[in-house]
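Step one of this worksheet: look at the structure below.
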Amino acid sequence: MKILCGKTCSALAVLLCSSPLVNGGKVLVFPLDGSHWVNMKVLIEELHSRGHEITVMWPSDSWYIKPESPHYKSITMNSSAGFDENSFGAFVSTMLKMRLEGASFWSRIALEYELVAQFYEMHKQQLQMVEEIFEDTKLMQELHDAKYDLVLTDPAIGGGVLLGHRLGLPLVFNVRWTVQGEGHHAITPSPLSYIPIPGTELTDKMTFLQRVKNLLYYFFTCFQIWYVTDPNYKPFVRRYFGPDVHYMELFQAADIWLMRNDFTFEFPRPTMPNIVYMSGFQCKPSKPLSKELEDFVRSSGEHGVIVMTLGTLVAKLPEAIAENIAAAFAQLPQKVIWRFKGKRPSTLGNNTLVLDWLPQNDLLGHPKTRLFVAHGGTNGIQEAIYHGVPLVGLPLMFDQPDNFFRMKARGVAKVLDIATMNKDNFLEVLKEVLYQPTYREKMKALSNLHRDQPMKPLDRAMFWIEFVMRHKGAPHLRTESYKMSTIQYHLIDVVAFLLAVILLVFTVFISAVKFLWRKVFSRSKVKKE
């Protein structure tokens, strides 16, 4: 027994000595408010549990981010660069109203313009806050003296990227989007022939006309960059980093890109060594429900439960839409748990429980849950994939229509346009997804693919964050292509050089032939004479 105990202790000692230990590091987090903070918070809490010291820089008008937390210290900036609940709620209400006005071409243009204008203002306010940080010599000195190991940021805004470079620190991204669009497009080859531009609702298998559409959308994204991003970031980067630095080079120089999706969600595409896929890192096994909620779920019997939420951004739905949704639910044998704020619909059935808040992950993981009606946020869709629950989509804005299109393409979701939705078509779609087994079967298969990994996504994210701490960056995984100009990257200079050489050789050859021809012709002429 003593010998066995001694061997066990020796084995443990060898294992501990051979493991790559990381002492508690210091991480500066520059987050984005709203739903982006929800998943950033997951990383922060896990880093804190592993002994790392976290400091969060946040604007004072933030909606989701709180100044007090047991998991991090905070540096509060007196700025309006956050998501003020009232102003952002008003913006969301305006967007929803515009969407409900119709699906015509001009209403779509008006919607896109409103989004572009909002993004322009968001980047402008963000850079004003970063400028205040840079000009605050005392704060910058404190940040230097703190000796952080890295900056963890969401590159959908540029503040954390700019601050990280100003402090000379390694950068790790919690990323789906950058200031120029979908994250992959910033650092990976993205041929338009089979890589759909977000918003096109195209797959990687495109017809000729679909490739035309994809190219036109690409030009539209270029216009957005020219109109929204360039005017904000170019002068700022020129002022603080020099005239020879393009702002996207600062993004492309990040060490690790923790990508919030994977290939159960994304279509196959080229990638890079420093892209780490962590789709579903926020997902976890469900916990027991409260007694009242569990009793309601159990009362559904063999029919099961439908869960519905349109996220925290949409606090209230227009009355007519709420009435149609409630009327459709009332005609089903299933029980419904609906997160809804606003006037109680008159058509609400006895089978529907309306709540101000619901434990989404725990409900989706319950064996009685048959269907998830959602708006298409990435977090909710990934939780549905993790738990194997088919979807009905009511996408509202931002990336939500594109997210749901990807689920529809995989046969695990049906999608309705909220502008044309009524009781009848909503009920028809609910019944189709509930009673046609292919939706649940395909979602279970997708869930199995997502779960079949050698390492949990959150553990993988932690490994790479700590890897950057241990090695002071990860430049060996980063391509140098971002330092090339467009002419160099596409070998336009090489092709031009080779064409010039061919033209020169061809010109010399023609000149030589002409010269020899004249010589031969002149000799024959002399002989004849």
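Residue numbers start at 1 in each chain; chains themselves are named A, B, ... in the order of the structure tokens; ligands are numbered from 1 in the order shown.
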
| message | Can you pull out every residue from region 388-527 of chain A that DSSP, working from the backbone, puts in helix (DSSP H, G or I), and format the result as JSON, numbers by chain? | response | {"A": [400, 401, 402, 403, 404, 405, 406, 407, 408, 409, 423, 424, 425, 426, 427, 428, 429, 430, 431, 432, 433, 434, 435, 437, 438, 439, 440, 441, 442, 443, 444, 445, 446, 447, 448, 449, 450, 451, 457, 458, 459, 460, 461, 462, 463, 464, 465, 466, 467, 468, 469, 470, 471, 475, 476, 477, 481, 482, 483, 486, 487, 488, 489, 492, 493, 494, 495, 496, 497, 498, 499, 500, 501, 502, 503, 504, 505, 506, 507, 508, 509, 510, 511, 512, 513, 514, 515, 516, 517, 518, 519, 520, 521, 522, 523, 524, 525, 526, 527]}

| field | strand (DSSP E) residues, from DSSP on the backbone, in region 292-432 of chain A, as a list in words | value |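 Answer for region 292-432 of chain A restricted to strand (DSSP E) is Val305, Ile306, Val307, Met308, Thr309, Lys335, Val336, Ile337, Trp338, Arg339, Thr352, Leu353, Val354, Leu355, Thr369, Arg370, Leu371, Phe372, Val373, Ala374, Leu391, Val392, Gly393, Ala413, Lys414 and Val415 of chain A.
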
Emit the selected residues as an mmCIF file, in the first residue's frame, including N, CA, C and O atoms.
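Output (selection-v2.cif):
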data_model
loop_
_atom_site.group_PDB
_atom_site.id
_atom_site.type_symbol
_atom_site.label_atom_id
_atom_site.label_comp_id
_atom_site.auth_asym_id
_atom_site.auth_seq_id
_atom_site.Cartn_x
_atom_site.Cartn_y
_atom_site.Cartn_z
ATOM 1 N N VAL A 305 -42.556 21.563 -24.808
ATOM 2 C CA VAL A 305 -42.552 23.005 -24.554
ATOM 3 C C VAL A 305 -41.911 23.750 -25.714
ATOM 4 O O VAL A 305 -40.948 23.265 -26.326
ATOM 5 N N ILE A 306 -42.448 24.945 -25.998
ATOM 6 C CA ILE A 306 -41.830 25.893 -26.930
ATOM 7 C C ILE A 306 -41.262 27.043 -26.109
ATOM 8 O O ILE A 306 -41.940 27.575 -25.224
ATOM 9 N N VAL A 307 -40.031 27.433 -26.394
ATOM 10 C CA VAL A 307 -39.394 28.571 -25.731
ATOM 11 C C VAL A 307 -39.270 29.698 -26.746
ATOM 12 O O VAL A 307 -38.825 29.471 -27.879
ATOM 13 N N MET A 308 -39.662 30.912 -26.349
ATOM 14 C CA MET A 308 -39.544 32.057 -27.249
ATOM 15 C C MET A 308 -38.931 33.246 -26.531
ATOM 16 O O MET A 308 -39.350 33.605 -25.431
ATOM 17 N N THR A 309 -37.944 33.851 -27.163
ATOM 18 C CA THR A 309 -37.385 35.126 -26.715
ATOM 19 C C THR A 309 -36.791 35.848 -27.911
ATOM 20 O O THR A 309 -36.207 35.208 -28.796
ATOM 21 N N LYS A 335 -47.044 23.542 -24.420
ATOM 22 C CA LYS A 335 -46.947 24.670 -23.501
ATOM 23 C C LYS A 335 -45.884 25.625 -24.053
ATOM 24 O O LYS A 335 -44.921 25.197 -24.708
ATOM 25 N N VAL A 336 -46.060 26.922 -23.796
ATOM 26 C CA VAL A 336 -45.159 27.948 -24.328
ATOM 27 C C VAL A 336 -44.635 28.802 -23.181
ATOM 28 O O VAL A 336 -45.415 29.249 -22.327
ATOM 29 N N ILE A 337 -43.324 29.028 -23.175
ATOM 30 C CA ILE A 337 -42.700 29.962 -22.226
ATOM 31 C C ILE A 337 -42.131 31.103 -23.058
ATOM 32 O O ILE A 337 -41.224 30.908 -23.871
ATOM 33 N N TRP A 338 -42.664 32.290 -22.859
ATOM 34 C CA TRP A 338 -42.405 33.437 -23.741
ATOM 35 C C TRP A 338 -41.842 34.585 -22.915
ATOM 36 O O TRP A 338 -42.501 35.085 -22.010
ATOM 37 N N ARG A 339 -40.623 34.998 -23.247
ATOM 38 C CA ARG A 339 -40.056 36.192 -22.608
ATOM 39 C C ARG A 339 -40.602 37.407 -23.343
ATOM 40 O O ARG A 339 -40.275 37.647 -24.504
ATOM 41 N N THR A 352 -49.804 29.397 -22.448
ATOM 42 C CA THR A 352 -48.639 30.279 -22.597
ATOM 43 C C THR A 352 -48.317 30.990 -21.290
ATOM 44 O O THR A 352 -49.187 31.637 -20.699
ATOM 45 N N LEU A 353 -47.063 30.854 -20.856
ATOM 46 C CA LEU A 353 -46.557 31.537 -19.671
ATOM 47 C C LEU A 353 -45.669 32.692 -20.120
ATOM 48 O O LEU A 353 -44.664 32.477 -20.814
ATOM 49 N N VAL A 354 -46.042 33.917 -19.749
ATOM 50 C CA VAL A 354 -45.282 35.107 -20.130
ATOM 51 C C VAL A 354 -44.395 35.525 -18.958
ATOM 52 O O VAL A 354 -44.877 35.679 -17.832
ATOM 53 N N LEU A 355 -43.090 35.712 -19.240
ATOM 54 C CA LEU A 355 -42.128 36.083 -18.207
ATOM 55 C C LEU A 355 -41.309 37.294 -18.642
ATOM 56 O O LEU A 355 -41.065 37.480 -19.842
ATOM 57 N N THR A 369 -38.192 20.370 -24.063
ATOM 58 C CA THR A 369 -38.198 21.479 -25.021
ATOM 59 C C THR A 369 -38.169 20.951 -26.452
ATOM 60 O O THR A 369 -37.298 20.167 -26.820
ATOM 61 N N ARG A 370 -39.135 21.401 -27.247
ATOM 62 C CA ARG A 370 -39.283 20.916 -28.624
ATOM 63 C C ARG A 370 -38.855 21.932 -29.675
ATOM 64 O O ARG A 370 -38.509 21.571 -30.799
ATOM 65 N N LEU A 371 -38.895 23.237 -29.321
ATOM 66 C CA LEU A 371 -38.692 24.267 -30.344
ATOM 67 C C LEU A 371 -38.245 25.560 -29.674
ATOM 68 O O LEU A 371 -38.682 25.875 -28.560
ATOM 69 N N PHE A 372 -37.384 26.304 -30.370
ATOM 70 C CA PHE A 372 -36.907 27.600 -29.893
ATOM 71 C C PHE A 372 -37.269 28.655 -30.932
ATOM 72 O O PHE A 372 -36.819 28.589 -32.080
ATOM 73 N N VAL A 373 -38.102 29.607 -30.552
ATOM 74 C CA VAL A 373 -38.446 30.746 -31.412
ATOM 75 C C VAL A 373 -37.567 31.911 -30.996
ATOM 76 O O VAL A 373 -37.619 32.359 -29.844
ATOM 77 N N ALA A 374 -36.736 32.413 -31.916
ATOM 78 C CA ALA A 374 -35.700 33.379 -31.527
ATOM 79 C C ALA A 374 -35.512 34.432 -32.608
ATOM 80 O O ALA A 374 -36.020 34.313 -33.727
ATOM 81 N N LEU A 391 -35.232 25.402 -34.719
ATOM 82 C CA LEU A 391 -35.482 26.834 -34.594
ATOM 83 C C LEU A 391 -36.591 27.337 -35.515
ATOM 84 O O LEU A 391 -36.767 26.824 -36.622
ATOM 85 N N VAL A 392 -37.292 28.354 -35.036
ATOM 86 C CA VAL A 392 -38.113 29.208 -35.890
ATOM 87 C C VAL A 392 -37.591 30.619 -35.705
ATOM 88 O O VAL A 392 -37.437 31.100 -34.578
ATOM 89 N N GLY A 393 -37.292 31.290 -36.810
ATOM 90 C CA GLY A 393 -36.615 32.579 -36.740
ATOM 91 C C GLY A 393 -37.507 33.758 -37.063
ATOM 92 O O GLY A 393 -38.260 33.726 -38.041
ATOM 93 N N ALA A 413 -34.006 25.027 -39.387
ATOM 94 C CA ALA A 413 -34.779 26.211 -39.016
ATOM 95 C C ALA A 413 -35.696 26.632 -40.152
ATOM 96 O O ALA A 413 -35.421 26.373 -41.333
ATOM 97 N N LYS A 414 -36.800 27.273 -39.787
ATOM 98 C CA LYS A 414 -37.660 28.001 -40.711
ATOM 99 C C LYS A 414 -37.633 29.466 -40.295
ATOM 100 O O LYS A 414 -37.582 29.789 -39.108
ATOM 101 N N VAL A 415 -37.693 30.350 -41.288
ATOM 102 C CA VAL A 415 -37.543 31.776 -41.016
ATOM 103 C C VAL A 415 -38.740 32.535 -41.575
ATOM 104 O O VAL A 415 -39.206 32.255 -42.687
#

Per-residue nearest contacts region 218-311 of chain A to region 482-493 of chain A, cut-off 9 Å, using only C-alpha atoms, as CSV:
residue,atom,partner,partner_atom,distance
A:Met248,CA,A:Tyr482,CA,8.3
A:Glu249,CA,A:Tyr482,CA,6.0
A:Gln252,CA,A:Tyr482,CA,6.2
A:Ala253,CA,A:Tyr482,CA,7.7

| message | With distances taken over only C-alpha atoms, which residue among A:Leu310, A:Val276, A:Met206, A:Leu32 lies nearest Gly159 (chain A)? | response |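 Of the candidates, the smallest distance to Gly159 (chain A) is held by A:Leu32.
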
| field | Residue contacts of Thr347 (chain A) (8 Å, only C-alpha atoms) excluding same-chain residues fewer than 5 positions away, as a list in words | value |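 So the residues in contact are Glu323, Asn324, Ala326, Ala327 and Ala330 of chain A.
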
Please list as a compact mmCIF listing (two decimals) with C-alpha atoms, in the first residue's frame every residue within 9 Å of Ile75 (chain A), counting only C-alpha atoms and excluding residues in the same chain fewer than 3 positions away.
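Result file part.txt:
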# COMPACT_ATOMS: atom_id res chain seq x y z
CA THR A 55 -8.99 45.09 -15.59
CA VAL A 56 -11.91 46.30 -17.72
CA MET A 57 -11.95 49.73 -19.39
CA TRP A 58 -15.51 50.84 -20.03
CA PRO A 59 -17.48 54.02 -20.91
CA PRO A 67 -18.41 49.00 -12.56

| query | Can you tell me, as a list in words, what residues are no more than 8 Å from Ile44 (chain A) when counting only C-alpha atoms, ignoring any on the same chain fewer than 3 positions away? | reply | Met40, Lys41, Leu47, His48, Ile54, His71 and Tyr72 of chain A

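For the pair CA of Gly280 (chain A) and CA of Leu458 (chain A), the separation is 8.2 Å.
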
| message | My list of candidates is A:Asn39, A:Ser93, A:Asn274, A:Gln128. Which is closest to Met77 (chain A) when distances are computed with only C-alpha atoms? | response | A:Gln128
